[in-house]
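Have a look at the structure below, then the notes.
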Amino acid sequence: MSFKIAFIGAGSIGFTRGLLRDLLSVPEFKDIEVAFTDINLSNLEMVTKLCQRDIEENGLSIRIQATTDRREALKGAKYVLCTIRVGGLEAFATDVDIPLKYGVDQCVGDTLCAGGIMYGQRGIAEMLNICKDIREVAAEDALLLNYANPMAMLTWACNKYGGVRTIGLCHGVQGGHWQIAEAFGLKQEEVDIICAGINHQTWYIQIKHKGEDLTGKLLEVFEKHEDFSRTEKVRIDMLRRFGYYSTESNGHLSEYVPWYRKRPDEIHDWIDLGSWINGETGGYLRVCTEGRNWFETDFPNWMKDPALKYEAAERSHEHGSYIIEGLEMGRVYRGHFNVVNNGVISNLPSDAVIEAPGYADRNGISMPVVGELPLGPAAVCNASISVQRLAVEAAVRGDDKLLRQAFMMDPLVGAVCNPKEIWQMVDEMLVAQEKWLPQYGEAIAEAKARLAAGTLVPTREGYKGAARLKVKSVEEMQQDRDAANKNAGESDKGKDRAKAAH
């Protein structure tokens, strides 16, 4: 069997390599065509060398087509996997640092809040260019599997405006599923779940073990768990007050709602600094920076390490390879997919991108009707969906008024900032990210004029946030190479927390 898969953003540190291992662990996929493309030639070359070495040591004859020409990589591709971060770490730093001046303290900044909204503005503009290339040169009816954040916004834009079938994929559901099983002292495969909502705010609305409904017992076991009671305080508090557990990590969730990060002196009450993902200020930016620096420095040693094994036992929990296997081979796969709602969750808007259980097989991708979410979780999701809709339309139209409205409606930004502060923060972010925002030319010129005019709202210049840690130097990381490699994995979009936790 042969078909072509293209990876856009293939220079990611470990995600591309892991996804390729997953795909080539399917016996029937030993002769597929693989194309890598990235705008960073150096990273593309390193990842290609690493993956080509893995392929050869697993006895396969596939030759990776690696190119900075995206259209060349997409020619004839039946499946496209996207892991881009538009603006890289340079833009990411402004997503975190500018809002901090206004008191908006984010852990991640890639899904909602000020950072996620601006990340979406950069990403949507480029995703629509990618969709154009797919329509023009890829295989007819090619499927775009999007791993890039902000997941819901990018997937929404591709489906509504890009003209390409797009499914968003995330591993948050698997990670929380593992946690729930761990809290009950069970194996993950022994616990059945129904999880539904929107990406990073998906809710475990039913949890069963051997037919027994455990949903109402979850709070008690989490409160008693030695680790989770310390590291997941936000998620446990949301479980306490809304009745259901949310998929995403403590640090992620804390910035999607208005209650846990709005007062600097209270942030430490809700987070744990043992791992960035528990709520560290700018934590994901720090580990991404360290991971990039480490990979670039330590790459020769990565080539000396054992190759990845293309075996079923080594396959990760990422959905992508299983979806493609289901579509190509007819093996039924059940996962959780990000798709346009169209009534799957009846009390969320039909046009929104939701995350819910779905099936992939020879007949395509099927999404059973979930029905209504519980009212509390639905309200939390609807608040975020309003922000997402404004942000998507702003990005597509280059409309800075809609962009400012998205900032105002964002739960955490609105909890911390007044309208004048929000207007000025958006001006600053537009100007700082000018080179990645071609659709905002006129708005950026006007923002520059306002910022130069003088009468500005006071800000906290140089404020580092309530819980910021120092970026480690390469020399510091070299003292513990295993920890540095683990950190590099955590900095990648593809870290599978469900598998890593075992």
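In the structure tokens, chains take letters A, B, ... by order of appearance, with residues numbered from 1 within each chain and ligands from 1 in the order shown.
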
Residue list (alpha helix (DSSP H), DSSP) for region 174-422 of chain A, as a ChimeraX atom specification
/A:174-184,218-224,228-231,233-242,250-254,264-267,283-304,319-329,375-397,400-409,411-416,419-422

Mind running region 348-402 of chain A against region 431-444 of chain A at 12 Å and telling me each contacting residue's nearest atom pair with the distance in Å (one decimal), counting only C-alpha atoms, chain and number ascending, as CSV?
```
residue,atom,partner,partner_atom,distance
A:Glu393,CA,A:Gln439,CA,11.8
A:Ala394,CA,A:Gln439,CA,9.5
A:Ala395,CA,A:Gln439,CA,7.4
A:Val396,CA,A:Gln439,CA,7.8
A:Arg397,CA,A:Gln439,CA,7.3
A:Gly398,CA,A:Gln439,CA,4.7
A:Asp399,CA,A:Tyr440,CA,7.3
A:Asp400,CA,A:Ala443,CA,6.4
A:Lys401,CA,A:Ala443,CA,9.2
A:Leu402,CA,A:Ala443,CA,11.7
```

Rank A:Glu232, A:Asp97, A:Glu314, A:Asp227 by their smallest atom-to-atom distance to Met429 (chain A), using only C-alpha atoms, and report the top residue only.
->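 Comparing A:Glu232, A:Asp97, A:Glu314, A:Asp227 against Met429 (chain A), the winner is A:Asp97.
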
For Glu296 (chain A), please output as a VMD selection string all residues within 10 Å (counting only C-alpha atoms; exclusion window: fewer than 5 positions along the same chain).
-> chain A and resid 13 42 to 43 46 291 474

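Once Val457 (chain A) and its same-chain neighbours fewer than 3 positions away are set aside, A:Lys101, A:Tyr102, A:Cys417, A:Asn418, A:Pro419, A:Lys420, A:Glu421, A:Ile422, A:Trp423, A:Gln424, A:Met425, A:Asp427, A:Glu428, A:Arg450, A:Leu451, A:Ala453, A:Gly454, A:Arg460, A:Glu461 remain within 12 Å of it when counting only C-alpha atoms.
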
With N, CA, C and O atoms retained, export the selected residues as a PDB file, in the first residue's frame.
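Final file, result.pdb:
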```pdb
ATOM      1  N   LYS A 101       2.822  42.888  31.418  1.00  0.00           N
ATOM      2  CA  LYS A 101       2.890  44.312  31.760  1.00  0.00           C
ATOM      3  C   LYS A 101       1.537  44.840  32.233  1.00  0.00           C
ATOM      4  O   LYS A 101       1.464  45.827  32.964  1.00  0.00           O
ATOM      5  N   TYR A 102       0.482  44.173  31.793  1.00  0.00           N
ATOM      6  CA  TYR A 102      -0.876  44.593  32.146  1.00  0.00           C
ATOM      7  C   TYR A 102      -1.487  43.700  33.230  1.00  0.00           C
ATOM      8  O   TYR A 102      -2.674  43.797  33.523  1.00  0.00           O
ATOM      9  N   CYS A 417      -8.057  43.330  33.426  1.00  0.00           N
ATOM     10  CA  CYS A 417      -7.838  44.617  32.756  1.00  0.00           C
ATOM     11  C   CYS A 417      -9.129  45.393  32.518  1.00  0.00           C
ATOM     12  O   CYS A 417     -10.193  44.800  32.316  1.00  0.00           O
ATOM     13  N   ASN A 418      -8.997  46.735  32.484  1.00  0.00           N
ATOM     14  CA  ASN A 418     -10.125  47.566  32.079  1.00  0.00           C
ATOM     15  C   ASN A 418     -10.032  47.826  30.572  1.00  0.00           C
ATOM     16  O   ASN A 418      -9.022  47.501  29.934  1.00  0.00           O
ATOM     17  N   PRO A 419     -11.074  48.404  29.959  1.00  0.00           N
ATOM     18  CA  PRO A 419     -11.066  48.569  28.497  1.00  0.00           C
ATOM     19  C   PRO A 419      -9.883  49.369  27.950  1.00  0.00           C
ATOM     20  O   PRO A 419      -9.332  49.019  26.899  1.00  0.00           O
ATOM     21  N   LYS A 420      -9.477  50.442  28.620  1.00  0.00           N
ATOM     22  CA  LYS A 420      -8.337  51.226  28.117  1.00  0.00           C
ATOM     23  C   LYS A 420      -7.062  50.395  28.111  1.00  0.00           C
ATOM     24  O   LYS A 420      -6.247  50.482  27.184  1.00  0.00           O
ATOM     25  N   GLU A 421      -6.878  49.613  29.164  1.00  0.00           N
ATOM     26  CA  GLU A 421      -5.690  48.753  29.219  1.00  0.00           C
ATOM     27  C   GLU A 421      -5.722  47.717  28.105  1.00  0.00           C
ATOM     28  O   GLU A 421      -4.697  47.429  27.470  1.00  0.00           O
ATOM     29  N   ILE A 422      -6.896  47.155  27.863  1.00  0.00           N
ATOM     30  CA  ILE A 422      -7.020  46.153  26.801  1.00  0.00           C
ATOM     31  C   ILE A 422      -6.714  46.767  25.440  1.00  0.00           C
ATOM     32  O   ILE A 422      -5.970  46.194  24.632  1.00  0.00           O
ATOM     33  N   TRP A 423      -7.259  47.937  25.173  1.00  0.00           N
ATOM     34  CA  TRP A 423      -7.010  48.599  23.876  1.00  0.00           C
ATOM     35  C   TRP A 423      -5.511  48.827  23.662  1.00  0.00           C
ATOM     36  O   TRP A 423      -4.978  48.568  22.586  1.00  0.00           O
ATOM     37  N   GLN A 424      -4.841  49.301  24.708  1.00  0.00           N
ATOM     38  CA  GLN A 424      -3.411  49.582  24.592  1.00  0.00           C
ATOM     39  C   GLN A 424      -2.603  48.293  24.461  1.00  0.00           C
ATOM     40  O   GLN A 424      -1.630  48.237  23.701  1.00  0.00           O
ATOM     41  N   MET A 425      -2.985  47.251  25.213  1.00  0.00           N
ATOM     42  CA  MET A 425      -2.288  45.971  25.112  1.00  0.00           C
ATOM     43  C   MET A 425      -2.392  45.418  23.696  1.00  0.00           C
ATOM     44  O   MET A 425      -1.391  44.922  23.139  1.00  0.00           O
ATOM     45  N   ASP A 427      -2.800  47.157  20.958  1.00  0.00           N
ATOM     46  CA  ASP A 427      -1.905  47.989  20.140  1.00  0.00           C
ATOM     47  C   ASP A 427      -0.468  47.486  20.236  1.00  0.00           C
ATOM     48  O   ASP A 427       0.226  47.321  19.227  1.00  0.00           O
ATOM     49  N   GLU A 428      -0.007  47.266  21.450  1.00  0.00           N
ATOM     50  CA  GLU A 428       1.375  46.801  21.647  1.00  0.00           C
ATOM     51  C   GLU A 428       1.623  45.460  20.976  1.00  0.00           C
ATOM     52  O   GLU A 428       2.670  45.240  20.353  1.00  0.00           O
ATOM     53  N   ARG A 450      -0.810  55.734  17.778  1.00  0.00           N
ATOM     54  CA  ARG A 450      -1.358  55.914  19.137  1.00  0.00           C
ATOM     55  C   ARG A 450      -0.280  55.725  20.193  1.00  0.00           C
ATOM     56  O   ARG A 450      -0.190  56.472  21.165  1.00  0.00           O
ATOM     57  N   LEU A 451       0.542  54.706  20.020  1.00  0.00           N
ATOM     58  CA  LEU A 451       1.584  54.436  21.007  1.00  0.00           C
ATOM     59  C   LEU A 451       2.631  55.544  21.031  1.00  0.00           C
ATOM     60  O   LEU A 451       3.232  55.831  22.072  1.00  0.00           O
ATOM     61  N   ALA A 453       1.981  58.680  20.383  1.00  0.00           N
ATOM     62  CA  ALA A 453       1.362  59.964  20.740  1.00  0.00           C
ATOM     63  C   ALA A 453       1.622  60.369  22.177  1.00  0.00           C
ATOM     64  O   ALA A 453       1.554  61.546  22.524  1.00  0.00           O
ATOM     65  N   GLY A 454       1.891  59.405  23.038  1.00  0.00           N
ATOM     66  CA  GLY A 454       2.251  59.794  24.401  1.00  0.00           C
ATOM     67  C   GLY A 454       1.321  59.303  25.460  1.00  0.00           C
ATOM     68  O   GLY A 454       1.596  58.338  26.137  1.00  0.00           O
ATOM     69  N   ARG A 460       3.360  47.816  34.037  1.00  0.00           N
ATOM     70  CA  ARG A 460       4.430  47.303  34.915  1.00  0.00           C
ATOM     71  C   ARG A 460       5.582  46.816  34.035  1.00  0.00           C
ATOM     72  O   ARG A 460       5.719  45.624  33.758  1.00  0.00           O
ATOM     73  N   GLU A 461       6.409  47.738  33.596  1.00  0.00           N
ATOM     74  CA  GLU A 461       7.542  47.393  32.733  1.00  0.00           C
ATOM     75  C   GLU A 461       8.477  46.430  33.466  1.00  0.00           C
ATOM     76  O   GLU A 461       8.840  46.645  34.620  1.00  0.00           O
TER      77      GLU A 461
END
```

TODO: Find the spatial neighbours of region 184-190 of chain A, counting only C-alpha atoms, within a cut-off of 12 Å - ignore same-chain residues fewer than 4 positions away - and output them as an MDAnalysis selection string.
DONE: chainID A and resid 173:180 207:212 214:215 217:225 228 317 498:499 501:502

With only C-alpha atoms counted and 12 Å as the cut-off, give the residues of region 24-139 of chain A in contact with region 153-166 of chain A, each with its shortest interatomic distance in Å and the pair that gives it, as CSV.
```
residue,atom,partner,partner_atom,distance
A:Lys78,CA,A:Arg165,CA,11.4
A:Tyr79,CA,A:Thr166,CA,10.3
A:Val80,CA,A:Thr166,CA,9.4
A:Leu81,CA,A:Thr166,CA,10.0
A:Cys82,CA,A:Thr166,CA,10.3
A:Thr83,CA,A:Leu154,CA,11.3
A:Ile84,CA,A:Leu154,CA,10.9
A:Arg85,CA,A:Leu154,CA,11.5
A:Val86,CA,A:Leu154,CA,11.8
A:Asp110,CA,A:Met153,CA,10.7
A:Thr111,CA,A:Met153,CA,8.3
A:Leu112,CA,A:Met153,CA,9.3
A:Gly116,CA,A:Met153,CA,9.3
A:Ile117,CA,A:Met153,CA,8.7
A:Met118,CA,A:Met153,CA,10.9
A:Tyr119,CA,A:Met153,CA,9.7
A:Gly120,CA,A:Met153,CA,6.4
A:Gln121,CA,A:Met153,CA,9.2
A:Arg122,CA,A:Leu154,CA,10.0
A:Gly123,CA,A:Leu154,CA,6.8
A:Ile124,CA,A:Leu154,CA,5.6
A:Ala125,CA,A:Ala157,CA,9.2
A:Glu126,CA,A:Leu154,CA,9.6
A:Met127,CA,A:Cys158,CA,6.8
A:Leu128,CA,A:Gly162,CA,5.3
A:Asn129,CA,A:Gly162,CA,8.2
A:Ile130,CA,A:Gly162,CA,8.4
A:Cys131,CA,A:Gly162,CA,5.2
A:Lys132,CA,A:Gly162,CA,6.9
A:Asp133,CA,A:Gly162,CA,10.0
A:Ile134,CA,A:Val164,CA,7.5
A:Arg135,CA,A:Val164,CA,6.9
A:Glu136,CA,A:Val164,CA,10.7
A:Ala138,CA,A:Val164,CA,10.5
A:Ala139,CA,A:Val164,CA,11.2
```

Min atom-atom distance to Trp259 (chain A) from the set A:Ala415, A:Leu403, A:Ala196, A:Ile345, counting only C-alpha atoms, belongs to A:Ala415

Between CA of Val353 (chain A) and CA of Ala77 (chain A) lies a distance of 24.7 Å

### Query
Counting only C-alpha atoms, which of A:Glu476, A:Glu266, A:Lys309, A:Ile167 gets nearest to Ile365 (chain A)?
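For Ile365 (chain A), the nearest of the given residues is A:Ile167.
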
Just the number, please: distance in Å from CA of Lys304 (chain A) to CA of Cys288 (chain A), one decimal.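 Separation between CA of Lys304 (chain A) and CA of Cys288 (chain A): 22.9 Å.
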
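In the backbone-derived DSSP annotation, strand (DSSP E) within region 329-494 of chain A comprises Tyr333, Arg334, Gly335, His336, Phe337, Asn338, Val339, Val340, Val353, Ile354, Glu355, Ala356, Pro357, Gly358, Tyr359, Ala360, Asp361, Gly364, Ile365 and Ser366 of chain A.
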
Write out, as a short mmCIF file (atom, residue, chain, number, x, y, z; two decimals), in the first residue's frame, the residues just selected, with all heavy atoms.
```
data_model
loop_
_atom_site.label_atom_id
_atom_site.label_comp_id
_atom_site.auth_asym_id
_atom_site.auth_seq_id
_atom_site.Cartn_x
_atom_site.Cartn_y
_atom_site.Cartn_z
N TYR A 333 -11.34 2.69 14.82
CA TYR A 333 -10.63 3.41 15.89
C TYR A 333 -11.57 4.40 16.54
O TYR A 333 -12.23 5.19 15.86
CB TYR A 333 -9.40 4.15 15.33
CG TYR A 333 -8.73 5.01 16.38
CD1 TYR A 333 -8.13 4.43 17.49
CD2 TYR A 333 -8.71 6.40 16.27
CE1 TYR A 333 -7.53 5.22 18.47
CE2 TYR A 333 -8.11 7.19 17.24
CZ TYR A 333 -7.52 6.59 18.33
OH TYR A 333 -6.94 7.37 19.31
N ARG A 334 -11.62 4.34 17.86
CA ARG A 334 -12.39 5.33 18.61
C ARG A 334 -11.43 6.29 19.29
O ARG A 334 -10.55 5.87 20.03
CB ARG A 334 -13.27 4.67 19.66
CG ARG A 334 -14.08 5.70 20.47
CD ARG A 334 -14.73 5.07 21.70
NE ARG A 334 -15.55 6.07 22.41
CZ ARG A 334 -15.56 6.23 23.71
NH1 ARG A 334 -14.80 5.47 24.47
NH2 ARG A 334 -16.33 7.13 24.27
N GLY A 335 -11.60 7.56 19.04
CA GLY A 335 -10.78 8.58 19.68
C GLY A 335 -11.63 9.79 20.00
O GLY A 335 -12.87 9.75 19.95
N HIS A 336 -10.98 10.89 20.31
CA HIS A 336 -11.68 12.15 20.55
C HIS A 336 -11.13 13.17 19.56
O HIS A 336 -9.93 13.45 19.55
CB HIS A 336 -11.48 12.61 21.99
CG HIS A 336 -12.27 11.81 22.97
ND1 HIS A 336 -11.87 10.55 23.38
CD2 HIS A 336 -13.45 12.07 23.61
CE1 HIS A 336 -12.76 10.07 24.23
NE2 HIS A 336 -13.72 10.97 24.39
N PHE A 337 -12.03 13.71 18.72
CA PHE A 337 -11.62 14.53 17.60
C PHE A 337 -12.23 15.92 17.71
O PHE A 337 -13.33 16.09 18.25
CB PHE A 337 -12.07 13.88 16.27
CG PHE A 337 -11.74 12.42 16.14
CD1 PHE A 337 -12.62 11.56 15.51
CD2 PHE A 337 -10.57 11.90 16.66
CE1 PHE A 337 -12.34 10.22 15.39
CE2 PHE A 337 -10.26 10.55 16.55
CZ PHE A 337 -11.15 9.70 15.91
N ASN A 338 -11.51 16.90 17.17
CA ASN A 338 -12.00 18.28 17.10
C ASN A 338 -12.60 18.51 15.72
O ASN A 338 -11.89 18.49 14.71
CB ASN A 338 -10.85 19.26 17.35
CG ASN A 338 -10.40 19.25 18.80
OD1 ASN A 338 -10.87 20.03 19.60
ND2 ASN A 338 -9.48 18.35 19.14
N VAL A 339 -13.92 18.73 15.71
CA VAL A 339 -14.66 18.88 14.45
C VAL A 339 -15.68 20.00 14.61
O VAL A 339 -16.00 20.42 15.72
CB VAL A 339 -15.38 17.58 14.07
CG1 VAL A 339 -14.40 16.44 13.85
CG2 VAL A 339 -16.43 17.20 15.12
N VAL A 340 -16.23 20.47 13.49
CA VAL A 340 -17.33 21.43 13.56
C VAL A 340 -18.53 20.73 14.21
O VAL A 340 -18.88 19.60 13.86
CB VAL A 340 -17.70 21.94 12.16
CG1 VAL A 340 -18.86 22.93 12.24
CG2 VAL A 340 -16.49 22.60 11.50
N VAL A 353 -16.10 24.66 16.94
CA VAL A 353 -15.33 23.42 16.88
C VAL A 353 -15.36 22.78 18.25
O VAL A 353 -14.90 23.37 19.24
CB VAL A 353 -13.88 23.69 16.42
CG1 VAL A 353 -13.01 22.46 16.63
CG2 VAL A 353 -13.89 24.08 14.94
N ILE A 354 -15.93 21.58 18.31
CA ILE A 354 -16.04 20.87 19.58
C ILE A 354 -15.08 19.67 19.59
O ILE A 354 -14.57 19.27 18.54
CB ILE A 354 -17.49 20.41 19.86
CG1 ILE A 354 -18.07 19.62 18.66
CG2 ILE A 354 -18.38 21.62 20.13
CD1 ILE A 354 -17.94 18.14 18.73
N GLU A 355 -14.84 19.12 20.78
CA GLU A 355 -14.05 17.90 20.91
C GLU A 355 -14.95 16.85 21.54
O GLU A 355 -15.53 17.07 22.60
CB GLU A 355 -12.81 18.14 21.79
CG GLU A 355 -11.84 16.98 21.80
CD GLU A 355 -10.51 17.38 22.43
OE1 GLU A 355 -10.52 17.88 23.57
OE2 GLU A 355 -9.46 17.18 21.78
N ALA A 356 -15.08 15.71 20.85
CA ALA A 356 -16.03 14.69 21.30
C ALA A 356 -15.60 13.33 20.76
O ALA A 356 -14.74 13.24 19.88
CB ALA A 356 -17.44 15.05 20.80
N PRO A 357 -16.20 12.26 21.28
CA PRO A 357 -15.85 10.93 20.79
C PRO A 357 -16.22 10.75 19.33
O PRO A 357 -17.29 11.20 18.88
CB PRO A 357 -16.71 9.99 21.67
CG PRO A 357 -17.07 10.79 22.87
CD PRO A 357 -17.17 12.21 22.39
N GLY A 358 -15.33 10.10 18.58
CA GLY A 358 -15.59 9.83 17.18
C GLY A 358 -14.97 8.51 16.77
O GLY A 358 -14.18 7.91 17.52
N TYR A 359 -15.34 8.05 15.58
CA TYR A 359 -14.87 6.78 15.06
C TYR A 359 -14.27 6.98 13.68
O TYR A 359 -14.81 7.74 12.87
CB TYR A 359 -16.01 5.76 14.98
CG TYR A 359 -16.59 5.37 16.32
CD1 TYR A 359 -17.61 6.12 16.90
CD2 TYR A 359 -16.09 4.28 17.02
CE1 TYR A 359 -18.13 5.78 18.13
CE2 TYR A 359 -16.61 3.92 18.26
CZ TYR A 359 -17.63 4.69 18.81
OH TYR A 359 -18.14 4.35 20.04
N ALA A 360 -13.17 6.29 13.42
CA ALA A 360 -12.58 6.29 12.08
C ALA A 360 -12.55 4.85 11.57
O ALA A 360 -12.11 3.95 12.28
CB ALA A 360 -11.17 6.86 12.12
N ASP A 361 -13.05 4.64 10.36
CA ASP A 361 -12.99 3.33 9.72
C ASP A 361 -13.06 3.55 8.21
O ASP A 361 -12.93 4.67 7.73
CB ASP A 361 -14.08 2.39 10.22
CG ASP A 361 -15.49 2.92 9.99
OD1 ASP A 361 -15.67 3.80 9.11
OD2 ASP A 361 -16.42 2.47 10.69
N GLY A 364 -15.13 6.41 6.78
CA GLY A 364 -14.78 7.79 7.07
C GLY A 364 -14.76 8.05 8.56
O GLY A 364 -14.54 7.14 9.37
N ILE A 365 -15.02 9.28 8.93
CA ILE A 365 -15.01 9.68 10.34
C ILE A 365 -16.43 9.98 10.76
O ILE A 365 -17.12 10.79 10.13
CB ILE A 365 -14.07 10.87 10.57
CG1 ILE A 365 -12.64 10.41 10.31
CG2 ILE A 365 -14.23 11.43 11.98
CD1 ILE A 365 -11.61 11.48 10.33
N SER A 366 -16.88 9.30 11.80
CA SER A 366 -18.25 9.43 12.28
C SER A 366 -18.24 10.02 13.68
O SER A 366 -17.43 9.62 14.52
CB SER A 366 -18.95 8.07 12.31
OG SER A 366 -18.85 7.43 11.05
#
```

Report task. Find the residue from A:Glu28, A:Asp22, A:Asp269, A:Glu280 that sits nearest to Ser249 (chain A); use only C-alpha atoms when measuring. Result ->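 Among A:Glu28, A:Asp22, A:Asp269, A:Glu280, it is A:Glu280 that comes nearest to Ser249 (chain A).
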
Between CA of Val387 (chain A) and CA of Arg286 (chain A), distance in Å (one decimal):
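The value is 26.2 Å.
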